[in-house]
Number of protein chains: 2
Amino acid sequence: MKISEIRNKLIEKGLKVTPQRIAILEAIIKLNNHPTAENIIDYIRNNHPNIATATVYKVLDALVVNELIKKVKTERDVMRYDAVMENHHHLYCSESNRIEDFFDKELNEMIDKYFENKKIPDFKIEDVKLQVIGKFLKDNE
Amino acid sequence: MKISEIRNKLIEKGLKVTPQRIAILEAIIKLNNHPTAENIIDYIRNNHPNIATATVYKVLDALVVNELIKKVKTERDVMRYDAVMENHHHLYCSESNRIEDFFDKELNEMIDKYFENKKIPDFKIEDVKLQVIGKFLKDNE
DNA sequence: TTTCAAATGATAGTCATTCTCCTATAATAA
DNA sequence: TTATTATAGGAGAATGACTATCATTTGAAA
């Protein structure tokens, strides 16, 4: 993703375009495996040594509120971030902290259809996410 | 659930039966809506004023490791605990911290069948959990 | 009842995240 | 282009959930 695209995303959301926001969004996209705030800080410090930790958290929060990134959380570690906004699920490794995105349109359609026919009493569904826990059979994607 | 049942659960897992463990397990079952460690501490302090905070965390950890309770986590708050071990999913309120258990055998069977036919490449599934996000139409269950 | 591994209590420590408050800077308008 | 101002960022302290440490206690096996 080009910087001009990142810039446009910020403008679309009515957010001021700052070097910090560009650097952080860029980092999440480049790191692309659900980085933690710490991962992001390490990454951007190379090019932006003076960025404050609090700023990173403030920017991440602004990006989440404005739906440019999402938060992902597991049962055992800190908050992580994901720049993929398209509806998707997650594969969680049961032995490590690895998380991968999982896209499956057919599955989504099946689940949507299921809940259309069988409503949950007194509950209005907005979104359904799968957490698929298991083992990766190869070390890296 | 009677205390004798709780006692038996601990013994089955080879855990020593202590008043602290009984009180904490009892609290999670009684509170029954995914309490936080703080909720649990508040609850048991009534009858067990001398229980240490660290003990609560240690006991919770032991119970999770021994599969007597589960951890539940949302995108916005601290760790919560659930005494329901039967396989189930969760309904998350998009506007509050409310979480409810959701059981649906038919759904589980459909999902199992789906993944039997359509494997995820290089991934061995151990468990699939749904996070159903939406709004509750009544204030309390 | 004795023995001792395991559990608890008290408290300090850790560390991710947030708060405070002051300064700097994007975006808009003159 | 400069002035204006709301918004954003920087620095460091504070917060708070959780963990570590270690001395003391206690369940339960022998």
# chains A, B, ... in the order shown; residues from 1 in each chain; ligands from 1
call {"tool": "residues_around", "arguments": {"residues": "DT5 in chain D", "least_positions_apart": "4", "cutoff": "12 Å", "atoms": "only C-alpha atoms (C1' of nucleotides)", "output": "PyMOL selection string"}}
result
chain C and resi 25-29
call {"tool": "write_last_selection", "arguments": {"atoms": "C-alpha atoms (C1' of nucleotides)", "output": "PDB file, in the first residue's frame"}}
result
ATOM      1  C1'  DT C  25       1.660  21.190  14.106  1.00  0.00           C
ATOM      2  C1'  DA C  26      -2.025  20.256  10.450  1.00  0.00           C
ATOM      3  C1'  DA C  27      -5.779  22.317   8.315  1.00  0.00           C
ATOM      4  C1'  DT C  28      -8.507  26.201   7.431  1.00  0.00           C
ATOM      5  C1'  DA C  29      -9.308  30.952   6.534  1.00  0.00           C
TER       6       DA C  29
END
call {"tool": "calpha_fit_and_write", "arguments": {"fixed": "chain B", "moving": "chain A", "output": "CSV table (one decimal) with C-alpha atoms, in the first residue's frame"}}
result
chain,number,residue,atom,x,y,z
A,1,MET,CA,-23.4,-27.5,42.7
A,2,LYS,CA,-22.7,-28.9,46.1
A,3,ILE,CA,-19.4,-28.4,47.9
A,4,SER,CA,-18.9,-32.2,47.8
A,5,GLU,CA,-19.0,-32.1,44.0
A,6,ILE,CA,-16.5,-29.3,43.9
A,7,ARG,CA,-14.3,-31.3,46.3
A,8,ASN,CA,-14.5,-34.3,43.9
A,9,LYS,CA,-13.6,-32.2,40.9
A,10,LEU,CA,-10.4,-31.1,42.6
A,11,ILE,CA,-9.5,-34.6,43.8
A,12,GLU,CA,-10.1,-36.0,40.3
A,13,LYS,CA,-7.5,-33.5,39.0
A,14,GLY,CA,-5.0,-34.4,41.7
A,15,LEU,CA,-5.3,-31.0,43.3
A,16,LYS,CA,-5.3,-30.5,47.0
A,17,VAL,CA,-8.6,-29.5,48.4
A,18,THR,CA,-8.3,-26.2,50.2
A,19,PRO,CA,-10.9,-23.8,51.5
A,20,GLN,CA,-9.6,-21.2,49.1
A,21,ARG,CA,-10.0,-23.4,46.0
A,22,ILE,CA,-13.5,-24.4,47.1
A,23,ALA,CA,-14.5,-20.8,47.7
A,24,ILE,CA,-13.2,-19.6,44.4
A,25,LEU,CA,-14.7,-22.4,42.3
A,26,GLU,CA,-18.0,-21.9,44.2
A,27,ALA,CA,-17.9,-18.2,43.5
A,28,ILE,CA,-17.3,-18.6,39.8
A,29,ILE,CA,-20.2,-21.1,39.6
A,30,LYS,CA,-22.5,-18.8,41.7
A,31,LEU,CA,-21.6,-15.6,39.9
A,32,ASN,CA,-22.1,-17.5,36.7
A,33,ASN,CA,-21.7,-14.6,34.3
A,34,HIS,CA,-18.1,-14.7,33.4
A,35,PRO,CA,-16.8,-12.8,36.5
A,36,THR,CA,-13.4,-11.0,36.5
A,37,ALA,CA,-10.8,-11.8,39.1
A,38,GLU,CA,-12.0,-8.6,40.9
A,39,ASN,CA,-15.6,-9.8,41.0
A,40,ILE,CA,-14.5,-13.1,42.5
A,41,ILE,CA,-12.4,-11.4,45.1
A,42,ASP,CA,-15.2,-9.2,46.1
A,43,TYR,CA,-17.6,-12.1,46.4
A,44,ILE,CA,-15.4,-14.4,48.5
A,45,ARG,CA,-14.1,-11.7,50.8
A,46,ASN,CA,-17.5,-11.8,52.5
A,47,ASN,CA,-16.9,-15.2,53.8
A,48,HIS,CA,-13.1,-15.3,53.6
A,49,PRO,CA,-11.8,-11.9,54.5
A,50,ASN,CA,-8.2,-13.0,54.7
A,51,ILE,CA,-7.8,-14.4,51.2
A,52,ALA,CA,-4.9,-12.8,49.4
A,53,THR,CA,-5.2,-11.4,45.9
A,54,ALA,CA,-2.3,-13.3,44.7
A,55,THR,CA,-3.9,-16.5,45.9
A,56,VAL,CA,-7.0,-15.9,43.8
A,57,TYR,CA,-4.8,-15.5,40.7
A,58,LYS,CA,-2.8,-18.5,41.6
A,59,VAL,CA,-5.9,-20.6,42.2
A,60,LEU,CA,-7.6,-19.4,39.0
A,61,ASP,CA,-4.5,-20.3,37.0
A,62,ALA,CA,-4.4,-23.8,38.6
A,63,LEU,CA,-8.1,-24.3,37.8
A,64,VAL,CA,-7.5,-23.2,34.1
A,65,VAL,CA,-4.5,-25.4,33.7
A,66,ASN,CA,-6.5,-28.4,35.1
A,67,GLU,CA,-9.5,-27.6,32.9
A,68,LEU,CA,-11.9,-26.9,35.7
A,69,ILE,CA,-12.6,-23.4,34.4
A,70,LYS,CA,-11.9,-21.5,31.2
A,71,LYS,CA,-10.6,-18.0,30.4
A,72,VAL,CA,-12.7,-15.7,28.3
A,73,LYS,CA,-11.4,-12.5,26.9
A,74,THR,CA,-13.0,-9.7,25.0
A,75,GLU,CA,-11.6,-6.9,22.9
A,76,ARG,CA,-11.9,-4.3,25.6
A,77,ASP,CA,-11.5,-5.6,29.1
A,78,VAL,CA,-9.7,-7.8,31.6
A,79,MET,CA,-9.6,-11.5,31.8
A,80,ARG,CA,-12.8,-13.2,32.8
A,81,TYR,CA,-13.6,-16.8,33.9
A,82,ASP,CA,-16.2,-19.3,33.1
A,83,ALA,CA,-17.1,-22.5,34.9
A,84,VAL,CA,-19.0,-24.0,32.0
A,85,MET,CA,-16.7,-26.5,30.5
A,86,GLU,CA,-19.2,-28.0,28.0
A,87,ASN,CA,-18.4,-26.9,24.5
A,88,HIS,CA,-20.1,-23.6,23.8
A,89,HIS,CA,-19.8,-20.2,22.2
A,90,HIS,CA,-20.2,-16.7,23.4
A,91,LEU,CA,-22.6,-13.8,22.7
A,92,TYR,CA,-20.9,-10.5,23.2
A,93,CYS,CA,-22.8,-7.3,23.6
A,94,SER,CA,-21.4,-4.6,21.3
A,95,GLU,CA,-22.4,-1.9,23.8
A,96,SER,CA,-21.5,-3.3,27.2
A,97,ASN,CA,-19.4,-5.9,28.8
A,98,ARG,CA,-22.1,-8.4,29.0
A,99,ILE,CA,-21.2,-11.9,27.8
A,100,GLU,CA,-23.6,-14.9,27.6
A,101,ASP,CA,-22.9,-18.5,26.9
A,102,PHE,CA,-24.5,-19.8,23.8
A,103,PHE,CA,-25.1,-23.5,23.2
A,104,ASP,CA,-26.1,-24.9,19.8
A,105,LYS,CA,-25.5,-28.5,19.1
A,106,GLU,CA,-26.9,-28.3,15.6
A,107,LEU,CA,-24.6,-25.4,14.8
A,108,ASN,CA,-21.6,-27.4,16.1
A,109,GLU,CA,-22.5,-30.3,14.0
A,110,MET,CA,-22.9,-28.2,10.9
A,111,ILE,CA,-19.5,-26.6,11.5
A,112,ASP,CA,-17.8,-29.9,12.2
A,113,LYS,CA,-19.2,-31.3,9.0
A,114,TYR,CA,-18.2,-28.3,7.0
A,115,PHE,CA,-14.5,-28.6,8.1
A,116,GLU,CA,-14.5,-32.3,7.6
A,117,ASN,CA,-15.2,-31.8,3.9
A,118,LYS,CA,-13.2,-28.7,3.5
A,119,LYS,CA,-9.9,-28.9,5.4
A,120,ILE,CA,-7.8,-25.8,6.1
A,121,PRO,CA,-4.5,-26.3,4.3
A,122,ASP,CA,-1.6,-27.0,6.7
A,123,PHE,CA,-3.7,-26.6,9.8
A,124,LYS,CA,-5.1,-29.3,12.1
A,125,ILE,CA,-8.2,-28.0,13.8
A,126,GLU,CA,-8.7,-28.7,17.5
A,127,ASP,CA,-11.5,-26.5,18.3
A,128,VAL,CA,-13.8,-23.9,16.7
A,129,LYS,CA,-15.4,-21.1,18.8
A,130,LEU,CA,-17.9,-18.5,17.7
A,131,GLN,CA,-17.8,-15.0,18.9
A,132,VAL,CA,-21.3,-13.7,18.2
A,133,ILE,CA,-21.4,-9.9,18.5
A,134,GLY,CA,-24.6,-8.0,18.7
A,135,LYS,CA,-27.2,-6.5,20.9
A,136,PHE,CA,-29.3,-8.1,23.7
A,137,LEU,CA,-33.0,-7.2,23.3
A,138,LYS,CA,-33.7,-7.7,27.0
A,139,ASP,CA,-31.8,-6.2,29.9
A,140,ASN,CA,-31.1,-9.4,31.7
A,141,GLU,CA,-31.3,-13.1,30.9
call {"tool": "select_by_dssp", "arguments": {"residues": "range 97-133 of chain A", "states": "strand (DSSP E)", "output": "number ranges by chain"}}
result
A: 99-102, 123-133
call {"tool": "atom_distance", "arguments": {"atom1": "C1' of DA14 in chain D", "atom2": "C1' of DA10 in chain C"}}
result
23.3 Å
call {"tool": "closest_atom_pairs", "arguments": {"of": "chain D", "to": "chain B", "cutoff": "9 Å", "atoms": "only C-alpha atoms (C1' of nucleotides)", "output": "JSON lines"}}
result
{"residue": "D:DA17", "atom": "C1'", "partner": "B:Val78", "partner_atom": "CA", "distance": 7.5}
{"residue": "D:DC18", "atom": "C1'", "partner": "B:Tyr57", "partner_atom": "CA", "distance": 7.8}
{"residue": "D:DT19", "atom": "C1'", "partner": "B:Ala54", "partner_atom": "CA", "distance": 8.1}
{"residue": "D:DT26", "atom": "C1'", "partner": "B:Thr18", "partner_atom": "CA", "distance": 8.8}
{"residue": "D:DG27", "atom": "C1'", "partner": "B:Lys16", "partner_atom": "CA", "distance": 6.5}
{"residue": "D:DA28", "atom": "C1'", "partner": "B:Lys16", "partner_atom": "CA", "distance": 8.1}
